[in-house]
>>> print(open('model.txt').read())   # compact mmCIF, C-alpha atoms (C1' of nucleotides)
# COMPACT_ATOMS: atom_id res chain seq x y z
CA MET A 12 -72.62 1.83 43.07
CA PRO A 13 -70.87 4.36 45.17
CA GLU A 14 -67.48 5.17 43.80
CA LEU A 15 -65.13 7.90 44.94
CA PRO A 16 -67.34 10.88 43.98
CA GLU A 17 -70.39 9.42 45.69
CA VAL A 18 -68.55 8.60 48.90
CA GLU A 19 -66.89 12.01 48.84
CA THR A 20 -70.28 13.67 48.47
CA ILE A 21 -71.73 11.64 51.30
CA VAL A 22 -68.86 12.45 53.62
CA ARG A 23 -68.99 16.15 52.81
CA GLN A 24 -72.68 16.34 53.51
CA LEU A 25 -72.47 14.31 56.69
CA ARG A 26 -69.42 16.09 58.11
CA PRO A 27 -71.20 19.15 59.51
CA GLN A 28 -73.94 16.98 60.94
CA LEU A 29 -71.68 14.43 62.57
CA VAL A 30 -68.53 16.13 63.76
CA GLY A 31 -68.88 17.01 67.42
CA ARG A 32 -71.80 14.65 67.95
CA THR A 33 -71.66 11.83 70.44
CA ILE A 34 -73.08 8.41 69.66
CA THR A 35 -75.44 7.53 72.46
CA ALA A 36 -76.55 4.10 71.31
CA VAL A 37 -76.17 1.66 68.45
CA ARG A 38 -78.95 -0.53 67.11
CA LEU A 39 -78.27 -3.26 64.58
CA GLY A 40 -80.92 -4.31 62.09
CA TRP A 41 -78.67 -7.09 60.83
CA SER A 42 -75.62 -8.00 62.86
CA GLY A 43 -73.82 -9.36 59.80
CA VAL A 44 -73.10 -5.77 58.81
CA VAL A 45 -70.42 -5.57 61.48
CA GLN A 46 -67.08 -6.71 60.16
CA ARG A 47 -65.23 -6.26 63.44
CA PRO A 48 -65.05 -6.50 66.37
CA SER A 49 -68.01 -8.64 67.45
CA PRO A 50 -71.47 -7.08 67.06
CA ALA A 51 -71.79 -6.92 70.84
CA ARG A 52 -68.50 -5.10 71.29
CA PHE A 53 -69.26 -2.87 68.31
CA ARG A 54 -72.45 -1.72 69.97
CA ALA A 55 -71.04 -1.39 73.44
CA GLU A 56 -67.78 0.30 72.55
CA LEU A 57 -69.26 2.86 70.17
CA ALA A 58 -71.74 4.11 72.74
CA GLY A 59 -70.46 7.28 74.34
CA ARG A 60 -67.88 8.01 71.65
CA ARG A 61 -67.72 11.45 70.10
CA ILE A 62 -67.08 11.86 66.36
CA VAL A 63 -64.17 14.22 65.82
CA ALA A 64 -63.72 14.02 62.04
CA ALA A 65 -65.36 12.62 58.92
CA ARG A 66 -63.25 11.73 55.91
CA ARG A 67 -62.89 9.38 52.96
CA ARG A 68 -60.18 6.98 51.88
CA ALA A 69 -60.72 5.25 48.53
CA LYS A 70 -64.39 4.21 48.69
CA TYR A 71 -64.41 3.91 52.46
CA PHE A 72 -65.91 6.47 54.77
CA VAL A 73 -64.04 7.07 58.01
CA PHE A 74 -65.50 8.67 61.12
CA ASP A 75 -62.71 9.34 63.58
CA LEU A 76 -63.60 9.03 67.23
CA ASP A 77 -62.41 10.76 70.38
CA ASP A 78 -60.65 7.68 71.70
CA GLY A 79 -58.37 7.42 68.68
CA ARG A 80 -60.38 4.70 67.05
CA ALA A 81 -62.57 5.05 63.97
CA LEU A 82 -65.90 3.88 62.66
CA VAL A 83 -65.13 2.77 59.11
CA GLY A 84 -67.42 1.46 56.43
CA HIS A 85 -67.90 0.52 52.81
CA LEU A 86 -71.18 0.91 50.95
CA ARG A 87 -70.34 -1.64 48.24
CA MET A 88 -73.19 -1.76 45.74
CA THR A 89 -76.30 -0.49 47.46
CA GLY A 90 -75.30 0.94 50.81
CA ARG A 91 -76.62 4.33 51.87
CA LEU A 92 -75.95 6.70 54.72
CA ALA A 93 -78.16 9.44 56.04
CA VAL A 94 -78.71 11.47 59.17
CA GLU A 95 -82.33 11.67 59.99
CA PRO A 96 -84.44 13.18 62.71
CA ALA A 97 -85.70 10.36 64.89
CA ALA A 98 -89.25 11.35 64.09
CA ALA A 99 -88.99 11.80 60.32
CA PRO A 100 -87.19 8.97 58.62
CA VAL A 101 -85.82 9.50 55.12
CA ALA A 102 -88.51 8.03 52.93
CA ALA A 103 -86.27 5.98 50.66
CA LEU A 104 -84.52 4.23 53.53
CA ARG A 105 -86.98 1.41 53.89
CA PRO A 106 -86.97 0.15 57.46
CA GLU A 107 -86.28 -3.42 56.45
CA TRP A 108 -83.09 -2.30 54.71
CA VAL A 109 -81.67 -0.48 57.71
CA ARG A 110 -78.71 -2.50 58.93
CA ALA A 111 -77.43 -0.12 61.62
CA ARG A 112 -78.67 2.94 63.38
CA PHE A 113 -76.51 5.24 65.53
CA ASP A 114 -78.42 7.47 67.91
CA LEU A 115 -76.78 10.87 68.33
CA ASP A 116 -76.81 13.25 71.26
CA ASP A 117 -78.77 15.86 69.32
CA GLY A 118 -81.78 13.58 68.99
CA ARG A 119 -81.11 12.54 65.43
CA CYS A 120 -79.51 9.36 64.16
CA LEU A 121 -77.06 8.20 61.56
CA VAL A 122 -78.59 5.41 59.49
CA PHE A 123 -76.82 2.81 57.40
CA ALA A 124 -79.15 1.04 54.97
CA ASP A 125 -78.21 -1.57 52.41
CA VAL A 126 -80.52 -3.70 50.28
CA ARG A 127 -78.02 -6.30 49.22
CA LYS A 128 -76.13 -6.71 52.49
CA PHE A 129 -72.73 -6.32 50.86
CA GLY A 130 -71.82 -3.20 52.81
CA ARG A 131 -69.80 -3.45 56.02
CA LEU A 132 -69.02 -1.42 59.13
CA ALA A 133 -66.08 -1.78 61.49
CA LEU A 134 -64.72 -0.21 64.63
CA VAL A 135 -60.94 -0.12 64.37
CA ARG A 136 -57.89 1.34 66.02
CA SER A 137 -56.11 1.54 62.69
CA LEU A 138 -57.45 1.51 59.15
CA ASP A 139 -54.99 -1.26 58.37
CA GLU A 140 -57.28 -3.60 60.25
CA VAL A 141 -59.88 -3.52 57.51
CA LEU A 142 -58.50 -1.71 54.49
CA PRO A 143 -56.63 -3.90 52.06
CA GLU A 144 -53.63 -2.53 50.21
CA ILE A 145 -54.85 0.59 48.45
CA GLY A 146 -53.18 2.71 45.80
CA PRO A 147 -52.81 6.47 45.71
CA GLU A 148 -55.77 8.82 45.79
CA PRO A 149 -56.39 9.85 42.18
CA LEU A 150 -57.02 13.47 43.10
CA SER A 151 -53.75 13.79 44.97
CA ALA A 152 -50.75 15.54 43.45
CA ALA A 153 -48.86 12.30 43.76
CA MET A 154 -51.01 10.66 41.11
CA ASP A 155 -49.78 12.62 38.13
CA GLY A 156 -48.93 11.74 34.55
CA ARG A 157 -45.46 10.70 35.49
CA TRP A 158 -46.71 8.30 38.13
CA MET A 159 -49.30 6.85 35.78
CA ALA A 160 -46.80 6.23 32.99
CA ALA A 161 -44.45 4.44 35.36
CA ALA A 162 -47.20 2.51 37.12
CA LEU A 163 -48.82 1.30 33.89
CA SER A 164 -45.57 0.04 32.46
CA ALA A 165 -44.69 -1.72 35.70
CA ARG A 166 -47.67 -4.06 35.24
CA ARG A 167 -48.84 -6.22 32.41
CA ARG A 168 -52.55 -6.04 32.77
CA LEU A 169 -55.59 -5.21 30.73
CA LEU A 170 -56.16 -1.53 31.23
CA LYS A 171 -59.67 -1.51 32.62
CA PRO A 172 -59.30 -4.28 35.19
CA LEU A 173 -56.10 -2.61 36.34
CA LEU A 174 -57.83 0.71 36.89
CA LEU A 175 -60.58 -1.04 38.82
CA ASP A 176 -57.97 -2.69 41.04
CA GLN A 177 -58.01 -0.67 44.26
CA SER A 178 -54.42 -1.57 45.02
CA PHE A 179 -53.43 0.26 41.84
CA VAL A 180 -55.43 3.46 42.20
CA ALA A 181 -57.99 4.21 44.89
CA GLY A 182 -61.66 4.87 44.40
CA LEU A 183 -62.36 4.18 40.75
CA GLY A 184 -65.30 1.96 39.86
CA ASN A 185 -66.99 0.76 36.72
CA ILE A 186 -68.61 4.05 35.77
CA TYR A 187 -65.74 6.44 36.10
CA VAL A 188 -63.23 4.07 34.55
CA ASP A 189 -65.37 3.86 31.40
CA GLU A 190 -65.70 7.63 31.34
CA ALA A 191 -62.01 8.33 31.88
CA LEU A 192 -60.93 5.81 29.26
CA HIS A 193 -63.19 7.43 26.72
CA LEU A 194 -61.86 10.89 27.50
CA SER A 195 -58.37 9.67 26.81
CA GLY A 196 -59.29 7.67 23.72
CA LEU A 197 -58.10 4.44 25.27
CA HIS A 198 -59.74 1.06 24.74
CA PRO A 199 -60.33 -0.91 27.97
CA LEU A 200 -58.63 -3.97 26.50
CA ARG A 201 -55.35 -2.19 25.87
CA ALA A 202 -52.36 -3.72 27.63
CA SER A 203 -51.13 -1.43 30.38
CA HIS A 204 -47.47 -1.72 29.52
CA ARG A 205 -48.00 -0.81 25.88
CA ILE A 206 -49.54 2.57 26.48
CA SER A 207 -47.45 5.55 25.47
CA ARG A 208 -46.24 8.03 28.01
CA ALA A 209 -48.35 10.75 26.42
CA ARG A 210 -51.49 8.62 26.69
CA ALA A 211 -50.68 7.70 30.25
CA GLU A 212 -50.38 11.36 31.14
CA SER A 213 -53.65 12.04 29.40
CA LEU A 214 -55.28 9.22 31.33
CA ALA A 215 -54.14 10.60 34.67
CA GLN A 216 -55.60 13.95 33.71
CA SER A 217 -58.86 12.40 32.47
CA ILE A 218 -59.33 10.51 35.71
CA LYS A 219 -58.90 13.68 37.74
CA SER A 220 -61.19 15.61 35.47
CA VAL A 221 -63.97 13.03 35.53
CA LEU A 222 -63.82 12.66 39.29
CA GLN A 223 -63.75 16.40 39.92
CA ARG A 224 -66.74 16.98 37.67
CA ALA A 225 -68.62 14.10 39.25
CA ILE A 226 -67.96 15.44 42.73
CA ALA A 227 -69.14 18.87 41.64
CA ALA A 228 -72.36 17.21 40.44
CA GLU A 229 -72.68 15.26 43.71
CA GLY A 230 -72.16 11.91 42.03
CA SER A 231 -74.21 9.85 39.60
CA SER A 232 -77.66 8.32 40.04
CA PHE A 233 -79.53 6.27 37.49
CA ASP A 234 -81.77 4.12 39.63
CA ALA A 235 -83.17 4.23 43.11
CA PHE A 236 -79.96 3.33 44.89
CA TYR A 237 -77.53 6.18 45.14
CA ARG A 238 -78.85 9.28 46.85
CA THR A 239 -76.96 11.87 48.81
CA PRO A 240 -77.53 11.85 52.57
CA GLU A 241 -79.97 14.67 51.93
CA GLY A 242 -81.96 12.33 49.72
CA GLN A 243 -81.15 13.97 46.41
CA PRO A 244 -79.92 12.11 43.33
CA GLY A 245 -76.56 13.03 41.87
CA ARG A 246 -76.47 14.85 38.54
CA TYR A 247 -73.38 13.54 36.80
CA GLN A 248 -75.29 10.82 34.94
CA ASP A 249 -76.57 13.55 32.65
CA GLY A 250 -73.03 14.09 31.49
CA PHE A 251 -72.07 10.46 30.85
CA LEU A 252 -70.11 10.13 27.64
CA VAL A 253 -70.31 6.34 27.34
CA TYR A 254 -71.51 4.63 30.52
CA GLY A 255 -74.94 3.13 29.92
CA ARG A 256 -75.14 4.81 26.51
CA ASP A 257 -74.74 1.73 24.29
CA GLY A 258 -76.72 2.15 21.10
CA GLN A 259 -76.60 5.93 21.38
CA PRO A 260 -74.35 8.27 19.41
CA CYS A 261 -70.95 9.20 20.81
CA ARG A 262 -70.98 12.75 22.05
CA THR A 263 -67.50 13.20 20.70
CA CYS A 264 -67.71 11.76 17.18
CA GLY A 265 -71.24 10.48 16.56
CA ALA A 266 -70.36 6.80 16.18
CA THR A 267 -72.59 4.33 18.01
CA ILE A 268 -71.49 3.46 21.54
CA VAL A 269 -71.15 -0.27 22.10
CA ARG A 270 -71.24 -2.42 25.20
CA LEU A 271 -68.82 -5.25 25.80
CA VAL A 272 -67.74 -7.27 28.79
CA VAL A 273 -64.26 -6.85 30.18
CA GLY A 274 -63.26 -8.67 33.31
CA GLN A 275 -66.88 -9.66 33.89
CA ARG A 276 -67.90 -6.01 34.00
CA GLY A 277 -70.21 -4.23 31.61
CA THR A 278 -68.03 -1.89 29.60
CA HIS A 279 -68.95 0.96 27.29
CA VAL A 280 -66.79 2.32 24.51
CA CYS A 281 -66.94 4.41 21.38
CA PRO A 282 -65.43 2.18 18.70
CA ARG A 283 -64.11 5.18 16.80
CA CYS A 284 -62.69 7.27 19.65
CA GLN A 285 -61.31 4.21 21.41
CA PRO A 286 -59.82 1.89 18.81
CA ARG A 287 -59.50 -1.73 19.83
CA PRO A 288 -55.94 -2.97 20.30
CA ARG A 289 -54.72 -4.98 17.32
CA ALA A 290 -54.40 -8.25 19.15
CA ALA A 291 -53.91 -9.56 22.61
CA PRO A 292 -50.21 -8.98 23.26
CA ARG A 293 -49.62 -12.49 24.49
CA GLU A 294 -51.16 -14.03 21.42
CA ARG A 295 -48.81 -12.08 19.24
CA ALA A 296 -45.79 -13.07 21.25
CA ALA A 297 -46.82 -16.70 21.21
CA ARG A 298 -47.41 -16.89 17.49
CA PRO A 299 -45.05 -14.69 15.54
CA ALA A 300 -45.92 -14.29 11.90
CA ARG A 301 -49.22 -15.63 10.82
CA ARG A 302 -50.11 -16.26 7.22
C1' DC B 6 -48.11 -12.41 38.39
C1' DA B 7 -52.38 -12.30 35.63
C1' DA B 8 -57.08 -13.50 34.60
C1' DG B 9 -61.36 -15.83 35.00
C1' DA B 10 -64.92 -18.14 37.84
C1' DC B 11 -67.54 -17.98 41.74
C1' DT B 12 -69.50 -15.94 45.91
C1' DC B 13 -71.81 -12.77 49.11
C1' DC B 14 -77.38 -10.72 48.65
C1' DT B 15 -81.78 -8.62 46.98
C1' DG B 16 -84.61 -6.33 43.62
C1' DA B 17 -85.83 -4.92 38.98
C1' DC B 18 -86.77 -6.12 34.47
C1' DG B 19 -87.56 -8.71 30.16
C1' DG B 20 -89.38 -12.77 28.01
C1' DC B 21 -92.66 -16.29 27.65
C1' DT C 5 -100.87 -12.30 35.72
C1' DG C 6 -97.05 -14.75 37.11
C1' DC C 7 -92.92 -17.44 37.05
C1' DC C 8 -88.12 -17.71 35.84
C1' DG C 9 -83.73 -16.40 34.21
C1' DT C 10 -80.54 -12.60 33.95
C1' DC C 11 -78.21 -8.74 35.50
C1' DA C 12 -76.44 -4.87 38.65
C1' DG C 13 -72.39 0.57 40.61
C1' DG C 14 -67.93 -3.89 44.58
C1' DA C 15 -64.53 -6.80 45.96
C1' DG C 16 -62.62 -11.04 48.31
C1' DT C 17 -61.17 -15.88 47.46
C1' DC C 18 -59.84 -19.68 44.83
C1' DT C 19 -58.36 -21.91 40.56
C1' DT C 20 -56.12 -22.11 36.25
>>> encode(input="model.txt", output="structure tokens")
Amino acid sequence: MPELPEVETIVRQLRPQLVGRTITAVRLGWSGVVQRPSPARFRAELAGRRIVAARRRAKYFVFDLDDGRALVGHLRMTGRLAVEPAAAPVAALRPEWVRARFDLDDGRCLVFADVRKFGRLALVRSLDEVLPEIGPEPLSAAMDGRWMAAALSARRRLLKPLLLDQSFVAGLGNIYVDEALHLSGLHPLRASHRISRARAESLAQSIKSVLQRAIAAEGSSFDAFYRTPEGQPGRYQDGFLVYGRDGQPCRTCGATIVRLVVGQRGTHVCPRCQPRPRAAPRERAARPARR
DNA sequence: CAAGACTCCTGACGGC
DNA sequence: TGCCGTCAGGAGTCTT
């Protein structure tokens, strides 16, 4: 669920509420949520720490602490974060889904809830301890058309799975990849190394555009899971061009949006705006001239 | 190196 | 009504 725009929204909303606050106690609803160190050390060593900054890297949220360490976490599919007054819990955060609760020195608490238990929290000295290899931030100046053209041709991968690969570019998930591909008129099954420089540049721009718009709309919500820390749904789902719109007319050309599966992920494309590649590149190479 | 299968969980939904 | 199979925004691991 939460991709870059959702995590960015969450961090932005939490920042003013968390920075400067001291964690007075940690309560774990499910100790499996702690990735490292041990749950006991996690609880003990976070108590008394002051939060000095709140930021995002890829889809991770990072709360920097006054001892140089950081509380890091990933929401995966259904994780949620909210700061709530001790007396008035956020309605949607059902108590049985609360995996960790951080009491703050102002009487409120930071709550981490997660239905499916995929989300994780960690207390680390360096992000390297828990973050795998992660590619450039798509909204950075470094990720421009030139970078994209070079990076795509350096790999031989199907386009969509490559964009979902966090070691390639940071923060993209299933929704925004589908949206960005449509904006650039690229089919998800295209081979990365066969994409023209012009299309690659367009793709870089589409990714930035989609993410910026989604952040401006505070993310996307289409079920009960993603809500901002303030409890509000995002609004970007109203602007989806293809995601979840199979069977409906393309907003660009009117053709019917179709759903297919690419890399085990539901994938949405406009068959007219995003023409399918002629054949799998490897098939062609293996069997030259047919017929 | 690339790609697919499988796994971690729980809840919602459709079909019978 | 109720049971069961299927599927879901992520991502790591293992196999082919």
>>> residues_around(input="model.txt", residues="DG9 in chain C", least_positions_apart="2", cutoff="12 Å", atoms="all atoms listed in the file", output="list of chain:residue names")
B:DC18, B:DG19, B:DG20, B:DC21, C:DC7, C:DC11
>>> residues_around(input="model.txt", residues="DA12 in chain C", least_positions_apart="3", cutoff="10 Å", atoms="all atoms listed in the file", output="MDAnalysis selection string")
(chainID A and resid 12 88:89 276:277) or (chainID B and resid 16:17)
>>> write_last_selection(input="model.txt", atoms="C-alpha atoms (C1' of nucleotides)", output="CSV table (one decimal), in the frame of the given file")
chain,number,residue,atom,x,y,z
A,12,MET,CA,-72.6,1.8,43.1
A,88,MET,CA,-73.2,-1.8,45.7
A,89,THR,CA,-76.3,-0.5,47.5
A,276,ARG,CA,-67.9,-6.0,34.0
A,277,GLY,CA,-70.2,-4.2,31.6
B,16,DG,C1',-84.6,-6.3,43.6
B,17,DA,C1',-85.8,-4.9,39.0
>>> residues_around(input="model.txt", residues="DC6 in chain B", least_positions_apart="6", cutoff="10 Å", atoms="only C-alpha atoms (C1' of nucleotides)", output="short mmCIF file (atom, residue, chain, number, x, y, z; two decimals) with C-alpha atoms, keeping the file's coordinate frame")
data_model
loop_
_atom_site.label_atom_id
_atom_site.label_comp_id
_atom_site.auth_asym_id
_atom_site.auth_seq_id
_atom_site.Cartn_x
_atom_site.Cartn_y
_atom_site.Cartn_z
CA ARG A 166 -47.67 -4.06 35.24
CA ARG A 167 -48.84 -6.22 32.41
CA ARG A 168 -52.55 -6.04 32.77
#
>>> atom_distance(input="model.txt", atom1="CA of Ala64 in chain A", atom2="CA of Phe179 in chain A")
26.5 Å
>>> interface_residues(input="model.txt", of="chain C", to="chain A", cutoff="9 Å", atoms="all atoms listed in the file", output="ChimeraX atom specification")
/C:12-15
>>> write_last_selection(input="model.txt", atoms="C-alpha atoms (C1' of nucleotides)", output="short mmCIF file (atom, residue, chain, number, x, y, z; two decimals), in the frame of the given file")
data_model
loop_
_atom_site.label_atom_id
_atom_site.label_comp_id
_atom_site.auth_asym_id
_atom_site.auth_seq_id
_atom_site.Cartn_x
_atom_site.Cartn_y
_atom_site.Cartn_z
"C1'" DA C 12 -76.44 -4.87 38.65
"C1'" DG C 13 -72.39 0.57 40.61
"C1'" DG C 14 -67.93 -3.89 44.58
"C1'" DA C 15 -64.53 -6.80 45.96
#
>>> residues_around(input="model.txt", residues="range 197-209 of chain A", least_positions_apart="2", cutoff="10 Å", atoms="only C-alpha atoms (C1' of nucleotides)", output="PDB file with C-alpha atoms, in the frame of the given file")
ATOM      1  CA  GLY A 156     -48.930  11.740  34.550  1.00  0.00           C
ATOM      2  CA  ARG A 157     -45.460  10.700  35.490  1.00  0.00           C
ATOM      3  CA  MET A 159     -49.300   6.850  35.780  1.00  0.00           C
ATOM      4  CA  ALA A 160     -46.800   6.230  32.990  1.00  0.00           C
ATOM      5  CA  ALA A 161     -44.450   4.440  35.360  1.00  0.00           C
ATOM      6  CA  ALA A 162     -47.200   2.510  37.120  1.00  0.00           C
ATOM      7  CA  LEU A 163     -48.820   1.300  33.890  1.00  0.00           C
ATOM      8  CA  SER A 164     -45.570   0.040  32.460  1.00  0.00           C
ATOM      9  CA  ALA A 165     -44.690  -1.720  35.700  1.00  0.00           C
ATOM     10  CA  ARG A 166     -47.670  -4.060  35.240  1.00  0.00           C
ATOM     11  CA  ARG A 167     -48.840  -6.220  32.410  1.00  0.00           C
ATOM     12  CA  ARG A 168     -52.550  -6.040  32.770  1.00  0.00           C
ATOM     13  CA  LEU A 169     -55.590  -5.210  30.730  1.00  0.00           C
ATOM     14  CA  LEU A 170     -56.160  -1.530  31.230  1.00  0.00           C
ATOM     15  CA  LYS A 171     -59.670  -1.510  32.620  1.00  0.00           C
ATOM     16  CA  PRO A 172     -59.300  -4.280  35.190  1.00  0.00           C
ATOM     17  CA  LEU A 173     -56.100  -2.610  36.340  1.00  0.00           C
ATOM     18  CA  LEU A 174     -57.830   0.710  36.890  1.00  0.00           C
ATOM     19  CA  VAL A 188     -63.230   4.070  34.550  1.00  0.00           C
ATOM     20  CA  ASP A 189     -65.370   3.860  31.400  1.00  0.00           C
ATOM     21  CA  ALA A 191     -62.010   8.330  31.880  1.00  0.00           C
ATOM     22  CA  LEU A 192     -60.930   5.810  29.260  1.00  0.00           C
ATOM     23  CA  HIS A 193     -63.190   7.430  26.720  1.00  0.00           C
ATOM     24  CA  LEU A 194     -61.860  10.890  27.500  1.00  0.00           C
ATOM     25  CA  SER A 195     -58.370   9.670  26.810  1.00  0.00           C
ATOM     26  CA  ALA A 211     -50.680   7.700  30.250  1.00  0.00           C
ATOM     27  CA  GLU A 212     -50.380  11.360  31.140  1.00  0.00           C
ATOM     28  CA  SER A 213     -53.650  12.040  29.400  1.00  0.00           C
ATOM     29  CA  LEU A 214     -55.280   9.220  31.330  1.00  0.00           C
ATOM     30  CA  LEU A 271     -68.820  -5.250  25.800  1.00  0.00           C
ATOM     31  CA  VAL A 272     -67.740  -7.270  28.790  1.00  0.00           C
ATOM     32  CA  VAL A 273     -64.260  -6.850  30.180  1.00  0.00           C
ATOM     33  CA  GLY A 274     -63.260  -8.670  33.310  1.00  0.00           C
ATOM     34  CA  THR A 278     -68.030  -1.890  29.600  1.00  0.00           C
ATOM     35  CA  HIS A 279     -68.950   0.960  27.290  1.00  0.00           C
ATOM     36  CA  VAL A 280     -66.790   2.320  24.510  1.00  0.00           C
ATOM     37  CA  CYS A 281     -66.940   4.410  21.380  1.00  0.00           C
ATOM     38  CA  PRO A 282     -65.430   2.180  18.700  1.00  0.00           C
ATOM     39  CA  ARG A 283     -64.110   5.180  16.800  1.00  0.00           C
ATOM     40  CA  CYS A 284     -62.690   7.270  19.650  1.00  0.00           C
ATOM     41  CA  GLN A 285     -61.310   4.210  21.410  1.00  0.00           C
ATOM     42  CA  PRO A 286     -59.820   1.890  18.810  1.00  0.00           C
ATOM     43  CA  ARG A 287     -59.500  -1.730  19.830  1.00  0.00           C
ATOM     44  CA  PRO A 288     -55.940  -2.970  20.300  1.00  0.00           C
ATOM     45  CA  ARG A 289     -54.720  -4.980  17.320  1.00  0.00           C
ATOM     46  CA  ALA A 290     -54.400  -8.250  19.150  1.00  0.00           C
ATOM     47  CA  ALA A 291     -53.910  -9.560  22.610  1.00  0.00           C
ATOM     48  CA  PRO A 292     -50.210  -8.980  23.260  1.00  0.00           C
ATOM     49  CA  ARG A 293     -49.620 -12.490  24.490  1.00  0.00           C
TER      50      ARG A 293
END
>>> closest_atom_pairs(input="model.txt", of="chain B", to="chain A", cutoff="7 Å", atoms="all atoms listed in the file", output="JSON lines")
{"residue": "B:DA7", "atom": "C1'", "partner": "A:Arg168", "partner_atom": "CA", "distance": 6.9}
{"residue": "B:DC13", "atom": "C1'", "partner": "A:Phe129", "partner_atom": "CA", "distance": 6.7}
{"residue": "B:DC14", "atom": "C1'", "partner": "A:Arg127", "partner_atom": "CA", "distance": 4.5}
{"residue": "B:DT15", "atom": "C1'", "partner": "A:Arg127", "partner_atom": "CA", "distance": 5.0}
>>> atom_distance(input="model.txt", atom1="CA of Gly118 in chain A", atom2="CA of Pro16 in chain A")
29.0 Å
>>> atom_distance(input="model.txt", atom1="CA of Arg23 in chain A", atom2="CA of Arg246 in chain A")
16.2 Å
>>> closest_residue(input="model.txt", among="A:Trp108, A:Trp41, A:Tyr254, A:Phe113", to="Ile62 in chain A", atoms="only C-alpha atoms")
A:Phe113
>>> residues_around(input="model.txt", residues="Val135 in chain A", least_positions_apart="5", cutoff="12 Å", atoms="all atoms listed in the file", output="ChimeraX atom specification")
/A:45-49,52-53,56-57,73-76,78-84,140-142
>>> build_atoms(input="model.txt", residues="range 160-172 of chain A", atoms="N, CA, C and O atoms", output="PDB file, in the coordinates of the input")
ATOM      1  N   ALA A 160     -47.619   6.863  34.033  1.00  0.00           N
ATOM      2  CA  ALA A 160     -46.800   6.230  32.990  1.00  0.00           C
ATOM      3  C   ALA A 160     -45.932   5.132  33.599  1.00  0.00           C
ATOM      4  O   ALA A 160     -45.835   4.021  33.056  1.00  0.00           O
ATOM      5  N   ALA A 161     -45.327   5.432  34.719  1.00  0.00           N
ATOM      6  CA  ALA A 161     -44.450   4.440  35.360  1.00  0.00           C
ATOM      7  C   ALA A 161     -45.255   3.264  35.888  1.00  0.00           C
ATOM      8  O   ALA A 161     -44.873   2.104  35.723  1.00  0.00           O
ATOM      9  N   ALA A 162     -46.398   3.562  36.499  1.00  0.00           N
ATOM     10  CA  ALA A 162     -47.200   2.510  37.120  1.00  0.00           C
ATOM     11  C   ALA A 162     -47.794   1.575  36.058  1.00  0.00           C
ATOM     12  O   ALA A 162     -47.858   0.363  36.255  1.00  0.00           O
ATOM     13  N   LEU A 163     -48.239   2.131  34.946  1.00  0.00           N
ATOM     14  CA  LEU A 163     -48.820   1.300  33.890  1.00  0.00           C
ATOM     15  C   LEU A 163     -47.775   0.361  33.299  1.00  0.00           C
ATOM     16  O   LEU A 163     -48.048  -0.808  33.014  1.00  0.00           O
ATOM     17  N   SER A 164     -46.589   0.879  33.103  1.00  0.00           N
ATOM     18  CA  SER A 164     -45.570   0.040  32.460  1.00  0.00           C
ATOM     19  C   SER A 164     -44.996  -0.988  33.430  1.00  0.00           C
ATOM     20  O   SER A 164     -44.387  -1.966  32.999  1.00  0.00           O
ATOM     21  N   ALA A 165     -45.213  -0.766  34.721  1.00  0.00           N
ATOM     22  CA  ALA A 165     -44.690  -1.720  35.700  1.00  0.00           C
ATOM     23  C   ALA A 165     -45.568  -2.965  35.801  1.00  0.00           C
ATOM     24  O   ALA A 165     -45.209  -3.947  36.431  1.00  0.00           O
ATOM     25  N   ARG A 166     -46.765  -2.909  35.206  1.00  0.00           N
ATOM     26  CA  ARG A 166     -47.670  -4.060  35.240  1.00  0.00           C
ATOM     27  C   ARG A 166     -47.927  -4.508  33.821  1.00  0.00           C
ATOM     28  O   ARG A 166     -47.738  -3.769  32.874  1.00  0.00           O
ATOM     29  N   ARG A 167     -48.413  -5.714  33.716  1.00  0.00           N
ATOM     30  CA  ARG A 167     -48.840  -6.220  32.410  1.00  0.00           C
ATOM     31  C   ARG A 167     -50.258  -6.701  32.589  1.00  0.00           C
ATOM     32  O   ARG A 167     -50.512  -7.885  32.788  1.00  0.00           O
ATOM     33  N   ARG A 168     -51.152  -5.732  32.530  1.00  0.00           N
ATOM     34  CA  ARG A 168     -52.550  -6.040  32.770  1.00  0.00           C
ATOM     35  C   ARG A 168     -53.407  -5.385  31.714  1.00  0.00           C
ATOM     36  O   ARG A 168     -53.006  -4.405  31.097  1.00  0.00           O
ATOM     37  N   LEU A 169     -54.634  -5.893  31.576  1.00  0.00           N
ATOM     38  CA  LEU A 169     -55.590  -5.210  30.730  1.00  0.00           C
ATOM     39  C   LEU A 169     -55.922  -3.901  31.438  1.00  0.00           C
ATOM     40  O   LEU A 169     -56.073  -3.861  32.662  1.00  0.00           O
ATOM     41  N   LEU A 170     -56.038  -2.854  30.651  1.00  0.00           N
ATOM     42  CA  LEU A 170     -56.160  -1.530  31.230  1.00  0.00           C
ATOM     43  C   LEU A 170     -57.342  -1.348  32.192  1.00  0.00           C
ATOM     44  O   LEU A 170     -57.182  -0.856  33.300  1.00  0.00           O
ATOM     45  N   LYS A 171     -58.522  -1.763  31.755  1.00  0.00           N
ATOM     46  CA  LYS A 171     -59.670  -1.510  32.620  1.00  0.00           C
ATOM     47  C   LYS A 171     -59.627  -2.275  33.949  1.00  0.00           C
ATOM     48  O   LYS A 171     -59.821  -1.670  35.004  1.00  0.00           O
ATOM     49  N   PRO A 172     -59.388  -3.582  33.902  1.00  0.00           N
ATOM     50  CA  PRO A 172     -59.300  -4.280  35.190  1.00  0.00           C
ATOM     51  C   PRO A 172     -58.220  -3.697  36.099  1.00  0.00           C
ATOM     52  O   PRO A 172     -58.368  -3.680  37.323  1.00  0.00           O
TER      53      PRO A 172
END
